[in-house]
Amino acid sequence: MFTTRPALLALAALALSAPATASAAGPSGLTLFGGLGGGGAVSGSRSDATVGGIFEAEAGAGLELAGGLRPEVALTIGLAPRSFLGLRPGVRWALEGLPFYARAALDFAAPGGSWRLRWLLAGAGAQVNVTDQLGLFAEADLGIPIASKAGLAFLFRAGAAFRF
């Protein structure tokens with residue numbers, strides 16, 4: 001009678017050996033990333049301040065350069081409180097030998113149907129590399145309002161990054 005245990009062990013051995021041979025050449029520097037995030041934006045003056053929630057998905061690509069710099073561009077899709085499409089060009093600077101990084105980006109979005117620059121995002125994060133190609137990250141951004149009705153934003157995001 002055929003058992004699946006030896007077949008599963010053989011497949012596991014092949015799967016574990018494949019990343020070792022692929023990583024021998026080293027990553028090229030191209031990184032694809034994606035994540036889910038949320039937070040809020042406070043707008044108005046002290047007496048009539050309003051707080052709005054934000055929930056969004058982000059997917060993007062970056063190119064890792066020397067010195068820990070990674071210029072990147074991301075596409076954002078607003079999931080709540082209303083849907084929108086956005087674009088975030090930015091840069092990430094990783095601290096050598098540490099899992100921490102700083103990031104800055106411009107947030108262009110079309111929440112009301114017309115594209116506008118909403119925020120200058122500045123933040124920090126941490127990434128834990130599971131393998132040479134896969135990393136998991138969490139980050140927080142402060143959005144300084146550029147548009148008059150954008151409000152001050154606080155965004156938190158978690159996701160995965162794949163290096164090729």
# chains A, B, ... in the order shown; residues from 1 in each chain; ligands from 1
call {"tool": "residues_around", "arguments": {"residues": "region 61-65 of chain A", "least_positions_apart": "4", "cutoff": "9 Å", "atoms": "only C-alpha atoms", "output": "list in words"}}
result
Ser28, Gly29, Leu30, Thr31, Leu32, Phe33, Gly34, Leu69, Arg70, Pro71, Glu72, Val73, Ala74, Val91 and Arg92 of chain A
call {"tool": "select_by_dssp", "arguments": {"residues": "region 50-115 of chain A", "states": "strand (DSSP E or B)", "output": "NGL selection string"}}
result
:A and (50-63 or 69-80 or 84-94 or 100-109)
call {"tool": "write_last_selection", "arguments": {"atoms": "N, CA and C atoms", "output": "tab-separated table (two decimals), in the first residue's frame"}}
result
chain	number	residue	atom	x	y	z
A	50	THR	N	-13.07	67.46	13.13
A	50	THR	CA	-13.73	66.22	12.75
A	50	THR	C	-12.66	65.15	12.55
A	51	VAL	N	-13.03	63.93	12.90
A	51	VAL	CA	-12.12	62.80	12.76
A	51	VAL	C	-12.76	61.81	11.80
A	52	GLY	N	-12.00	61.40	10.79
A	52	GLY	CA	-12.49	60.43	9.83
A	52	GLY	C	-11.58	59.22	9.81
A	53	GLY	N	-12.18	58.05	9.71
A	53	GLY	CA	-11.41	56.81	9.65
A	53	GLY	C	-10.96	56.51	8.23
A	54	ILE	N	-9.87	55.77	8.12
A	54	ILE	CA	-9.32	55.38	6.83
A	54	ILE	C	-8.95	53.90	6.90
A	55	PHE	N	-9.34	53.14	5.89
A	55	PHE	CA	-8.90	51.76	5.74
A	55	PHE	C	-8.55	51.57	4.27
A	56	GLU	N	-7.33	51.11	3.99
A	56	GLU	CA	-6.86	51.04	2.61
A	56	GLU	C	-5.94	49.86	2.38
A	57	ALA	N	-5.81	49.50	1.11
A	57	ALA	CA	-4.84	48.50	0.67
A	57	ALA	C	-3.79	49.21	-0.17
A	58	GLU	N	-2.56	48.76	-0.07
A	58	GLU	CA	-1.46	49.37	-0.80
A	58	GLU	C	-0.62	48.28	-1.45
A	59	ALA	N	-0.24	48.48	-2.71
A	59	ALA	CA	0.66	47.57	-3.41
A	59	ALA	C	1.64	48.41	-4.22
A	60	GLY	N	2.90	48.01	-4.21
A	60	GLY	CA	3.88	48.82	-4.92
A	60	GLY	C	5.15	48.07	-5.24
A	61	ALA	N	6.10	48.82	-5.78
A	61	ALA	CA	7.40	48.28	-6.16
A	61	ALA	C	8.46	49.31	-5.84
A	62	GLY	N	9.65	48.80	-5.53
A	62	GLY	CA	10.79	49.66	-5.25
A	62	GLY	C	12.07	49.02	-5.74
A	63	LEU	N	13.11	49.82	-5.82
A	63	LEU	CA	14.41	49.33	-6.27
A	63	LEU	C	15.43	49.65	-5.18
A	69	LEU	N	18.91	52.88	0.59
A	69	LEU	CA	17.85	53.68	-0.04
A	69	LEU	C	17.02	52.82	-0.98
A	70	ARG	N	15.72	53.04	-0.96
A	70	ARG	CA	14.83	52.35	-1.89
A	70	ARG	C	13.75	53.31	-2.38
A	71	PRO	N	13.94	53.91	-3.57
A	71	PRO	CA	12.84	54.68	-4.16
A	71	PRO	C	11.71	53.71	-4.51
A	72	GLU	N	10.49	54.13	-4.28
A	72	GLU	CA	9.36	53.24	-4.53
A	72	GLU	C	8.13	54.03	-4.95
A	73	VAL	N	7.21	53.31	-5.54
A	73	VAL	CA	5.92	53.88	-5.90
A	73	VAL	C	4.85	52.84	-5.57
A	74	ALA	N	3.75	53.32	-5.00
A	74	ALA	CA	2.69	52.42	-4.57
A	74	ALA	C	1.34	52.91	-5.07
A	75	LEU	N	0.46	51.97	-5.32
A	75	LEU	CA	-0.92	52.24	-5.68
A	75	LEU	C	-1.76	51.94	-4.45
A	76	THR	N	-2.63	52.86	-4.07
A	76	THR	CA	-3.50	52.65	-2.91
A	76	THR	C	-4.94	52.60	-3.36
A	77	ILE	N	-5.69	51.77	-2.68
A	77	ILE	CA	-7.12	51.65	-2.93
A	77	ILE	C	-7.82	51.84	-1.60
A	78	GLY	N	-8.65	52.86	-1.52
A	78	GLY	CA	-9.41	53.12	-0.30
A	78	GLY	C	-10.54	52.12	-0.16
A	79	LEU	N	-10.66	51.52	1.00
A	79	LEU	CA	-11.70	50.53	1.25
A	79	LEU	C	-12.81	51.08	2.14
A	80	ALA	N	-12.48	52.04	3.02
A	80	ALA	CA	-13.48	52.63	3.90
A	80	ALA	C	-12.94	53.98	4.37
A	84	PHE	N	-11.51	54.98	-3.04
A	84	PHE	CA	-10.73	55.94	-3.81
A	84	PHE	C	-9.52	55.23	-4.36
A	85	LEU	N	-8.88	55.86	-5.29
A	85	LEU	CA	-7.64	55.36	-5.88
A	85	LEU	C	-6.56	56.39	-5.59
A	86	GLY	N	-5.36	55.93	-5.26
A	86	GLY	CA	-4.28	56.84	-4.94
A	86	GLY	C	-2.94	56.35	-5.44
A	87	LEU	N	-1.99	57.27	-5.47
A	87	LEU	CA	-0.62	56.97	-5.90
A	87	LEU	C	0.33	57.58	-4.88
A	88	ARG	N	1.35	56.79	-4.47
A	88	ARG	CA	2.31	57.27	-3.47
A	88	ARG	C	3.75	57.05	-3.94
A	89	PRO	N	4.34	58.03	-4.57
A	89	PRO	CA	5.78	57.94	-4.83
A	89	PRO	C	6.54	58.33	-3.56
A	90	GLY	N	7.62	57.62	-3.28
A	90	GLY	CA	8.35	57.93	-2.07
A	90	GLY	C	9.71	57.28	-2.02
A	91	VAL	N	10.31	57.33	-0.86
A	91	VAL	CA	11.63	56.74	-0.64
A	91	VAL	C	11.65	56.13	0.75
A	92	ARG	N	12.40	55.04	0.85
A	92	ARG	CA	12.58	54.35	2.13
A	92	ARG	C	14.07	54.24	2.39
A	93	TRP	N	14.47	54.47	3.63
A	93	TRP	CA	15.89	54.39	4.00
A	93	TRP	C	16.02	53.41	5.16
A	94	ALA	N	16.64	52.26	4.89
A	94	ALA	CA	16.82	51.22	5.89
A	94	ALA	C	18.12	51.45	6.66
A	100	PHE	N	14.98	48.37	11.27
A	100	PHE	CA	14.21	49.61	11.24
A	100	PHE	C	14.50	50.44	9.99
A	101	TYR	N	13.51	51.22	9.58
A	101	TYR	CA	13.67	52.10	8.43
A	101	TYR	C	12.81	53.35	8.60
A	102	ALA	N	13.19	54.37	7.88
A	102	ALA	CA	12.42	55.62	7.82
A	102	ALA	C	11.85	55.72	6.41
A	103	ARG	N	10.73	56.38	6.26
A	103	ARG	CA	10.14	56.52	4.93
A	103	ARG	C	9.48	57.88	4.78
A	104	ALA	N	9.40	58.32	3.54
A	104	ALA	CA	8.70	59.56	3.20
A	104	ALA	C	8.03	59.35	1.85
A	105	ALA	N	6.85	59.93	1.67
A	105	ALA	CA	6.12	59.76	0.42
A	105	ALA	C	5.15	60.92	0.24
A	106	LEU	N	4.77	61.15	-1.01
A	106	LEU	CA	3.70	62.08	-1.34
A	106	LEU	C	2.45	61.25	-1.61
A	107	ASP	N	1.32	61.68	-1.12
A	107	ASP	CA	0.07	60.95	-1.30
A	107	ASP	C	-0.83	61.72	-2.25
A	108	PHE	N	-1.00	61.18	-3.46
A	108	PHE	CA	-1.94	61.72	-4.44
A	108	PHE	C	-3.15	60.82	-4.43
A	109	ALA	N	-4.35	61.39	-4.38
A	109	ALA	CA	-5.55	60.55	-4.37
A	109	ALA	C	-6.71	61.28	-5.00
call {"tool": "residues_around", "arguments": {"residues": "region 139-154 of chain A", "least_positions_apart": "2", "cutoff": "7 Å", "atoms": "only C-alpha atoms", "output": "JSON, numbers by chain"}}
result
{"A": [39, 40, 41, 42, 43, 117, 118, 119, 120, 121, 122, 123, 124, 125, 126, 137, 156, 157, 158]}
call {"tool": "write_last_selection", "arguments": {"atoms": "N, CA, C and O atoms", "output": "mmCIF file, in the first residue's frame"}}
result
data_model
loop_
_atom_site.group_PDB
_atom_site.id
_atom_site.type_symbol
_atom_site.label_atom_id
_atom_site.label_comp_id
_atom_site.auth_asym_id
_atom_site.auth_seq_id
_atom_site.Cartn_x
_atom_site.Cartn_y
_atom_site.Cartn_z
ATOM 1 N N GLY A 39 -6.232 54.005 9.837
ATOM 2 C CA GLY A 39 -5.898 55.123 10.702
ATOM 3 C C GLY A 39 -7.003 56.146 10.653
ATOM 4 O O GLY A 39 -8.172 55.811 10.454
ATOM 5 N N GLY A 40 -6.614 57.388 10.776
ATOM 6 C CA GLY A 40 -7.602 58.443 10.765
ATOM 7 C C GLY A 40 -7.000 59.767 10.353
ATOM 8 O O GLY A 40 -5.787 59.916 10.271
ATOM 9 N N ALA A 41 -7.869 60.709 10.058
ATOM 10 C CA ALA A 41 -7.459 62.070 9.698
ATOM 11 C C ALA A 41 -8.294 63.048 10.521
ATOM 12 O O ALA A 41 -9.511 62.906 10.621
ATOM 13 N N VAL A 42 -7.610 63.996 11.119
ATOM 14 C CA VAL A 42 -8.262 65.032 11.917
ATOM 15 C C VAL A 42 -8.222 66.315 11.111
ATOM 16 O O VAL A 42 -7.154 66.747 10.681
ATOM 17 N N SER A 43 -9.387 66.915 10.888
ATOM 18 C CA SER A 43 -9.422 68.168 10.129
ATOM 19 C C SER A 43 -10.279 69.185 10.857
ATOM 20 O O SER A 43 -11.089 68.840 11.707
ATOM 21 N N LEU A 117 -3.123 66.333 -4.425
ATOM 22 C CA LEU A 117 -2.077 65.994 -3.472
ATOM 23 C C LEU A 117 -2.665 66.188 -2.080
ATOM 24 O O LEU A 117 -3.070 67.290 -1.723
ATOM 25 N N ARG A 118 -2.760 65.091 -1.311
ATOM 26 C CA ARG A 118 -3.361 65.187 0.020
ATOM 27 C C ARG A 118 -2.326 65.432 1.110
ATOM 28 O O ARG A 118 -2.462 66.372 1.881
ATOM 29 N N TRP A 119 -1.325 64.525 1.208
ATOM 30 C CA TRP A 119 -0.408 64.582 2.336
ATOM 31 C C TRP A 119 1.035 64.407 1.921
ATOM 32 O O TRP A 119 1.353 63.764 0.933
ATOM 33 N N LEU A 120 1.907 64.943 2.752
ATOM 34 C CA LEU A 120 3.321 64.587 2.758
ATOM 35 C C LEU A 120 3.440 63.606 3.916
ATOM 36 O O LEU A 120 3.204 63.963 5.074
ATOM 37 N N LEU A 121 3.731 62.344 3.591
ATOM 38 C CA LEU A 121 3.814 61.295 4.603
ATOM 39 C C LEU A 121 5.248 61.139 5.088
ATOM 40 O O LEU A 121 6.176 61.113 4.287
ATOM 41 N N ALA A 122 5.424 61.027 6.380
ATOM 42 C CA ALA A 122 6.730 60.755 6.980
ATOM 43 C C ALA A 122 6.494 59.731 8.080
ATOM 44 O O ALA A 122 5.554 59.867 8.866
ATOM 45 N N GLY A 123 7.325 58.700 8.092
ATOM 46 C CA GLY A 123 7.103 57.666 9.091
ATOM 47 C C GLY A 123 8.285 56.758 9.288
ATOM 48 O O GLY A 123 9.384 56.999 8.767
ATOM 49 N N ALA A 124 8.025 55.702 10.024
ATOM 50 C CA ALA A 124 9.049 54.720 10.337
ATOM 51 C C ALA A 124 8.405 53.346 10.400
ATOM 52 O O ALA A 124 7.190 53.218 10.550
ATOM 53 N N GLY A 125 9.240 52.327 10.271
ATOM 54 C CA GLY A 125 8.736 50.966 10.326
ATOM 55 C C GLY A 125 9.826 49.994 10.685
ATOM 56 O O GLY A 125 10.983 50.362 10.889
ATOM 57 N N ALA A 126 9.419 48.736 10.755
ATOM 58 C CA ALA A 126 10.353 47.648 11.035
ATOM 59 C C ALA A 126 9.997 46.491 10.113
ATOM 60 O O ALA A 126 8.817 46.251 9.838
ATOM 61 N N PHE A 137 6.514 43.380 7.376
ATOM 62 C CA PHE A 137 6.762 44.711 7.919
ATOM 63 C C PHE A 137 5.535 45.295 8.602
ATOM 64 O O PHE A 137 4.401 44.883 8.350
ATOM 65 N N PHE A 156 -1.375 53.510 9.891
ATOM 66 C CA PHE A 156 -0.644 52.330 10.333
ATOM 67 C C PHE A 156 -0.850 51.240 9.289
ATOM 68 O O PHE A 156 -1.970 51.071 8.789
ATOM 69 N N ARG A 157 0.210 50.507 8.972
ATOM 70 C CA ARG A 157 0.137 49.527 7.883
ATOM 71 C C ARG A 157 0.984 48.308 8.234
ATOM 72 O O ARG A 157 2.031 48.427 8.884
ATOM 73 N N ALA A 158 0.543 47.144 7.770
ATOM 74 C CA ALA A 158 1.320 45.914 7.913
ATOM 75 C C ALA A 158 1.209 45.132 6.615
ATOM 76 O O ALA A 158 0.172 45.194 5.937
#
call {"tool": "closest_residue", "arguments": {"among": "A:Pro111, A:Gly38, A:Arg116, A:Arg163", "to": "Gln133 (chain A)", "atoms": "only C-alpha atoms"}}
result
A:Arg163
call {"tool": "atom_distance", "arguments": {"atom1": "CA of Gly37 (chain A)", "atom2": "CA of Glu96 (chain A)"}}
result
25.7 Å
call {"tool": "atom_distance", "arguments": {"atom1": "CA of Ala138 (chain A)", "atom2": "CA of Gly112 (chain A)"}}
result
28.5 Å
call {"tool": "atom_distance", "arguments": {"atom1": "CA of Gly68 (chain A)", "atom2": "CA of Gly97 (chain A)"}}
result
9.9 Å
call {"tool": "closest_residue", "arguments": {"among": "A:Ala161, A:Leu95, A:Ala66, A:Leu36", "to": "Val128 (chain A)", "atoms": "only C-alpha atoms"}}
result
A:Ala161
call {"tool": "select_by_dssp", "arguments": {"residues": "region 5-164 of chain A", "states": "helix (DSSP H, G or I)", "output": "PyMOL selection string"}}
result
chain A and resi 5-23+66-68
call {"tool": "write_last_selection", "arguments": {"atoms": "all heavy atoms", "output": "short mmCIF file (atom, residue, chain, number, x, y, z; two decimals), in the first residue's frame"}}
result
data_model
loop_
_atom_site.label_atom_id
_atom_site.label_comp_id
_atom_site.auth_asym_id
_atom_site.auth_seq_id
_atom_site.Cartn_x
_atom_site.Cartn_y
_atom_site.Cartn_z
N ARG A 5 3.43 9.71 3.13
CA ARG A 5 4.50 10.28 3.96
C ARG A 5 5.82 10.42 3.20
O ARG A 5 6.41 11.50 3.21
CB ARG A 5 4.68 9.47 5.22
CG ARG A 5 5.72 10.09 6.14
CD ARG A 5 5.77 9.43 7.46
NE ARG A 5 4.62 9.92 8.24
CZ ARG A 5 4.23 9.38 9.36
NH1 ARG A 5 4.84 8.34 9.86
NH2 ARG A 5 3.22 9.89 10.01
N PRO A 6 6.35 9.39 2.50
CA PRO A 6 7.61 9.57 1.76
C PRO A 6 7.47 10.60 0.64
O PRO A 6 8.39 11.37 0.38
CB PRO A 6 7.92 8.18 1.20
CG PRO A 6 7.17 7.23 2.07
CD PRO A 6 5.95 7.98 2.52
N ALA A 7 6.32 10.64 -0.02
CA ALA A 7 6.12 11.61 -1.09
C ALA A 7 6.13 13.03 -0.54
O ALA A 7 6.71 13.95 -1.13
CB ALA A 7 4.81 11.33 -1.83
N LEU A 8 5.48 13.23 0.62
CA LEU A 8 5.47 14.56 1.24
C LEU A 8 6.87 14.97 1.69
O LEU A 8 7.25 16.13 1.56
CB LEU A 8 4.51 14.59 2.42
CG LEU A 8 3.02 14.54 2.07
CD1 LEU A 8 2.19 14.45 3.34
CD2 LEU A 8 2.63 15.76 1.27
N LEU A 9 7.63 14.02 2.22
CA LEU A 9 9.00 14.33 2.63
C LEU A 9 9.86 14.72 1.43
O LEU A 9 10.67 15.64 1.51
CB LEU A 9 9.61 13.15 3.38
CG LEU A 9 9.05 12.89 4.78
CD1 LEU A 9 9.65 11.61 5.36
CD2 LEU A 9 9.33 14.06 5.69
N ALA A 10 9.68 14.03 0.32
CA ALA A 10 10.44 14.36 -0.89
C ALA A 10 10.07 15.74 -1.41
O ALA A 10 10.94 16.54 -1.80
CB ALA A 10 10.21 13.30 -1.96
N LEU A 11 8.78 16.07 -1.41
CA LEU A 11 8.33 17.40 -1.85
C LEU A 11 8.86 18.48 -0.92
O LEU A 11 9.27 19.55 -1.37
CB LEU A 11 6.81 17.46 -1.91
CG LEU A 11 6.16 16.77 -3.10
CD1 LEU A 11 4.64 16.79 -2.97
CD2 LEU A 11 6.58 17.43 -4.39
N ALA A 12 8.85 18.21 0.39
CA ALA A 12 9.37 19.20 1.33
C ALA A 12 10.87 19.43 1.12
O ALA A 12 11.34 20.56 1.18
CB ALA A 12 9.11 18.74 2.77
N ALA A 13 11.62 18.36 0.85
CA ALA A 13 13.06 18.50 0.60
C ALA A 13 13.31 19.31 -0.65
O ALA A 13 14.20 20.17 -0.69
CB ALA A 13 13.71 17.12 0.50
N LEU A 14 12.52 19.09 -1.70
CA LEU A 14 12.66 19.88 -2.93
C LEU A 14 12.32 21.34 -2.69
O LEU A 14 12.99 22.24 -3.18
CB LEU A 14 11.78 19.31 -4.04
CG LEU A 14 12.29 18.05 -4.71
CD1 LEU A 14 11.22 17.49 -5.65
CD2 LEU A 14 13.57 18.34 -5.46
N ALA A 15 11.25 21.57 -1.94
CA ALA A 15 10.84 22.95 -1.68
C ALA A 15 11.88 23.70 -0.85
O ALA A 15 12.14 24.88 -1.09
CB ALA A 15 9.49 22.97 -0.95
N LEU A 16 12.48 23.02 0.10
CA LEU A 16 13.50 23.67 0.92
C LEU A 16 14.80 23.90 0.16
O LEU A 16 15.52 24.85 0.44
CB LEU A 16 13.77 22.85 2.18
CG LEU A 16 12.64 22.84 3.19
CD1 LEU A 16 12.95 21.87 4.33
CD2 LEU A 16 12.39 24.23 3.73
N SER A 17 15.11 23.06 -0.81
CA SER A 17 16.35 23.24 -1.56
C SER A 17 16.22 24.28 -2.66
O SER A 17 17.19 24.91 -3.05
CB SER A 17 16.81 21.92 -2.16
OG SER A 17 15.90 21.49 -3.16
N ALA A 18 15.02 24.54 -3.15
CA ALA A 18 14.83 25.50 -4.24
C ALA A 18 15.21 26.92 -3.84
O ALA A 18 15.95 27.58 -4.55
CB ALA A 18 13.39 25.45 -4.74
N PRO A 19 14.77 27.45 -2.68
CA PRO A 19 15.19 28.81 -2.32
C PRO A 19 16.69 28.94 -2.13
O PRO A 19 17.26 29.97 -2.39
CB PRO A 19 14.44 29.09 -1.02
CG PRO A 19 13.28 28.17 -1.03
CD PRO A 19 13.75 26.95 -1.78
N ALA A 20 17.34 27.89 -1.67
CA ALA A 20 18.79 27.97 -1.45
C ALA A 20 19.52 28.16 -2.76
O ALA A 20 20.46 28.93 -2.86
CB ALA A 20 19.27 26.71 -0.74
N THR A 21 19.09 27.49 -3.82
CA THR A 21 19.76 27.66 -5.10
C THR A 21 19.40 28.99 -5.73
O THR A 21 20.23 29.62 -6.37
CB THR A 21 19.40 26.50 -6.06
OG1 THR A 21 18.00 26.47 -6.22
CG2 THR A 21 19.89 25.17 -5.52
N ALA A 22 18.18 29.46 -5.54
CA ALA A 22 17.78 30.74 -6.13
C ALA A 22 18.47 31.91 -5.43
O ALA A 22 18.80 32.90 -6.06
CB ALA A 22 16.26 30.91 -6.04
N SER A 23 18.71 31.79 -4.12
CA SER A 23 19.30 32.91 -3.40
C SER A 23 20.82 32.94 -3.52
O SER A 23 21.44 33.87 -3.06
CB SER A 23 18.90 32.85 -1.93
OG SER A 23 19.46 31.70 -1.33
N ALA A 66 22.28 51.23 -3.07
CA ALA A 66 23.32 51.24 -2.04
C ALA A 66 22.95 52.20 -0.92
O ALA A 66 22.24 53.19 -1.13
CB ALA A 66 24.65 51.64 -2.66
N GLY A 67 23.43 51.92 0.26
CA GLY A 67 23.19 52.80 1.40
C GLY A 67 21.83 52.62 2.03
O GLY A 67 21.41 53.44 2.84
N GLY A 68 21.11 51.57 1.67
CA GLY A 68 19.80 51.32 2.26
C GLY A 68 18.67 52.13 1.67
O GLY A 68 17.55 52.08 2.18
#
